[in-house]
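As structure tokens, the structure follows; a few thoughts come after it.
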Amino acid sequence: SAGFVLTGCSGGGGGGGESSGGGSSEGYKLAFVQGVAGDEFYISMQCGIEAAAEEAGATVTTQGPEKFDPTLQKPLVDSVVASNPDALLVAPTDVKAMEGPLKAAADAGIKVVLVDTTLEDPSMAVSQIASDNKGGGAAAFEAIKEEHPEGGKVLVVSVDPGISTTDARAEGFQEAAEAESNFEFLGVQYSHNEPATAAEIVTAALQKDPDIVGIFAANLFAAEGTATGVQQAGKQGSVTIVGFDAGPAQVKQLEAGTVQALVAQEPATIGEMGVEQALLALDGKETEEKIQTGFTIITQDNVAGDAKDAIYKSS
Ligand code: T6T
């Protein structure tokens with residue numbers, strides 16, 4: 001294996017061949033590099049990208065590293081750059097480590113659009129499109145506060161330091177928690193995008209502080225492991241879990257009452273807007289430097305109704 005996976009928006013993935021968004025072979029050639037392959041957030045984004053590309057008569061190939069890890073994403077970006085697409089939509093896995101490879105892409109004449117995550121210095125990109133991650137973190141705290149107005153100890157389970165999105169979510173949560181004197185912020189712990197590690201973090205934290213009232217899990221895999229950890233500790237129901245992202249498994253946990261709220265992003269919209277900005281740049285038109293997309297809070301009250309469309313696709 002070359003250390004990466006070619007994925008498809010509707011089924012398949014992982015096998016041979018390129019997934020193509022169709023459209024005219026004379027149209028622009030777009031490439032999408034995900035933060036990690038097999039993640040429903042990026043799969044939903046891919047669907048948005050492929051739909052927008054097809055409509056514009058452009059083609060798109062999508063690849064993602066096997067782990068959310070810049071040491072795996074860098075060679076993947078390098079090989080995509082060597083294949084010389086017209087534009088590259090990419091979710092960099094580290095604010096610093098991915099700057100060099102993406103600068104090289106821009107220097108090679110490829111239009112770079114940052115989707116989801118960004119960089120410390122994003123000046124090589126024609127546009128950056130991301131959720132209101134800080135606001136989403138603050139909203140996650142509000143959801144815990146609603147269930148525990150009396151206050152108490154709260155913890156964040158994140159991915160790795162240096163990821164723009166999850167760092168902003170943790171920061172938004174921390175600021176909101178520290179503004180309330182009856183809450184005690186226990187800090188951020190990092191699960192490296194491994195659910196099993198998130199579960200270990202949570203069981204250990206609950207052993208040390210059995211009176212934790214709420215845990216904010218900053219992405220899909222952190223949420224998966226956090227739910228497991230709370231269940232293993234026998235604290236289901238007494239510890240409120242709010243997770244970022246809304247994959248099918250997270251929605252099941254919400255319906256089962258293991259997780260109390262989900263902050264659903266708009267990955268397909270981020271992808272569509274990414275294509276739009278790439279095409280503007282390729283046509284020599286003005287692009288938008290920064291675009292912020294919204295989020296939906298999903299709870300048991302709206303999961304079958306209004307919020308249904310916010311659930312991510314799994315293929
Ligand atoms: O939360 C999303 C994405 O926004 C983040 O940058 C990394 O994790 C996810 O892909 C979910 O697993």
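Going by the structure tokens order, chains are called A, B, ..., each with residues numbered from 1, while ligands are numbered from 1 in the order shown.
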Can I get the residues of chain A within 10 Å of ligand 1, each with the closest pair of atoms and their distance in Å to one decimal, using only C-alpha atoms and all ligand atoms, sorted chain first then ascending number, as CSV?
```
residue,atom,partner,partner_atom_place_in_ligand_line,distance
A:Gln34,CA,ligand 1,10 (O),8.5
A:Gly35,CA,ligand 1,10 (O),6.6
A:Val36,CA,ligand 1,10 (O),7.2
A:Ala37,CA,ligand 1,10 (O),9.3
A:Gly38,CA,ligand 1,12 (O),9.3
A:Asp39,CA,ligand 1,12 (O),5.7
A:Glu40,CA,ligand 1,12 (O),7.2
A:Phe41,CA,ligand 1,10 (O),5.1
A:Tyr42,CA,ligand 1,10 (O),6.0
A:Ile43,CA,ligand 1,10 (O),9.2
A:Met45,CA,ligand 1,10 (O),9.7
A:Phe68,CA,ligand 1,7 (C),7.9
A:Ala91,CA,ligand 1,6 (O),7.3
A:Pro92,CA,ligand 1,6 (O),8.5
A:Thr93,CA,ligand 1,6 (O),7.6
A:Asp94,CA,ligand 1,6 (O),9.8
A:Val115,CA,ligand 1,6 (O),9.1
A:Asp116,CA,ligand 1,4 (O),5.5
A:Thr117,CA,ligand 1,6 (O),5.4
A:Thr118,CA,ligand 1,6 (O),9.0
A:Ala130,CA,ligand 1,4 (O),8.0
A:Ser131,CA,ligand 1,4 (O),7.6
A:Asn133,CA,ligand 1,4 (O),8.2
A:Ser158,CA,ligand 1,8 (O),9.4
A:Val159,CA,ligand 1,8 (O),7.9
A:Asp160,CA,ligand 1,7 (C),9.9
A:Ile163,CA,ligand 1,6 (O),6.9
A:Ser164,CA,ligand 1,6 (O),7.2
A:Thr165,CA,ligand 1,6 (O),5.0
A:Thr166,CA,ligand 1,6 (O),6.2
A:Asp167,CA,ligand 1,6 (O),9.3
A:Arg169,CA,ligand 1,1 (O),9.5
A:Asn193,CA,ligand 1,12 (O),7.5
A:Ala217,CA,ligand 1,1 (O),9.8
A:Ala218,CA,ligand 1,1 (O),6.9
A:Asn219,CA,ligand 1,1 (O),4.3
A:Leu220,CA,ligand 1,12 (O),4.1
A:Phe221,CA,ligand 1,12 (O),5.6
A:Ala222,CA,ligand 1,12 (O),7.9
A:Ala223,CA,ligand 1,12 (O),9.0
A:Glu224,CA,ligand 1,12 (O),9.8
A:Gly243,CA,ligand 1,1 (O),9.5
A:Phe244,CA,ligand 1,1 (O),6.3
A:Asp245,CA,ligand 1,1 (O),5.8
A:Ala246,CA,ligand 1,11 (C),8.7
A:Gly247,CA,ligand 1,11 (C),8.7
A:Val263,CA,ligand 1,1 (O),9.5
A:Ala264,CA,ligand 1,1 (O),8.9
A:Gln265,CA,ligand 1,4 (O),7.5
A:Glu266,CA,ligand 1,4 (O),9.4
A:Pro267,CA,ligand 1,4 (O),8.0
```
- [ ] Please return as a VMD selection string: the residues of stretch 25-251 of chain A that backbone DSSP assigns to strand (DSSP E).
- [x] chain A and resid 29 to 33 59 to 65 87 to 90 111 to 115 127 to 131 152 to 158 183 to 190 212 to 217 240 to 244
Task: Atom pair atom CA of A:Gly162 / atom CA of A:Ala108: separation (Å) - done: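 That distance, rounded to one decimal, is 25.9 Å.
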Open item on the list: I need the residues of stretch 85-292 of chain A that end up classed as alpha helix (DSSP H) by DSSP on the backbone, written out as number ranges by chain.
Closed with: A: 99-107, 133-147, 164-178, 195-208, 220-232, 248-256, 267-282
Open item on the list: Quick check, in Å to one decimal: how far apart do atom CA of A:Ala176 and atom CA of A:Lys134 lie?
Closed with: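 For atom CA of A:Ala176 relative to atom CA of A:Lys134, the distance reads 10.0 Å.
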- [ ] For A:Leu262, work out the shell of residues within 9 Å, counting only C-alpha atoms and skipping chain neighbours fewer than 3 positions away, then give it as a ChimeraX atom specification.
- [x] /A:140,241-246,250-251,254,259,296-299
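Relative to atom CA of A:Ser83, atom CA of A:Gly57 is found at 19.4 Å.
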Task: Surrounding residues of stretch 278-291 of chain A excluding itself and chain neighbours under 4 positions, 12 Å, only C-alpha atoms, as a PyMOL selection string - done: chain A and resi 27-32+49+52-53+55-60+85-90+106+109-118+122-132+269-274
- [ ] Name all residues at most 9 Å from A:Gly225 (count only C-alpha atoms; drop same-chain ones fewer than 5 positions away) and give them as number ranges by chain.
- [x] A: 191, 194-202, 217, 220, 230
TODO: Could you check which of A:Gln260, A:Asn302, A:Asn182, A:Gln189 is closest to A:Ala170, using only C-alpha atoms?
DONE: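 Nearest to A:Ala170: A:Gln189.
With only C-alpha atoms taken into account, the protein and nucleic acid residues at most 7 Å from A:Lys96 (excluding it and anything under 3 positions from it in its own chain) are Glu99, Leu119 and Glu120 of chain A.
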- [ ] Kindly indicate which residue among A:Gly64, A:Gly257, A:Pro248, A:Gly229 lies nearest to A:Ala310, using only C-alpha atoms for the distances.
- [x]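 The closest residue to A:Ala310 is A:Pro248.
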TODO: May I ask which of the residues A:Gly237, A:Gly100, A:Gly172, A:Pro149 is the closest one to A:Ala256, counting only C-alpha atoms?
DONE: A:Gly237
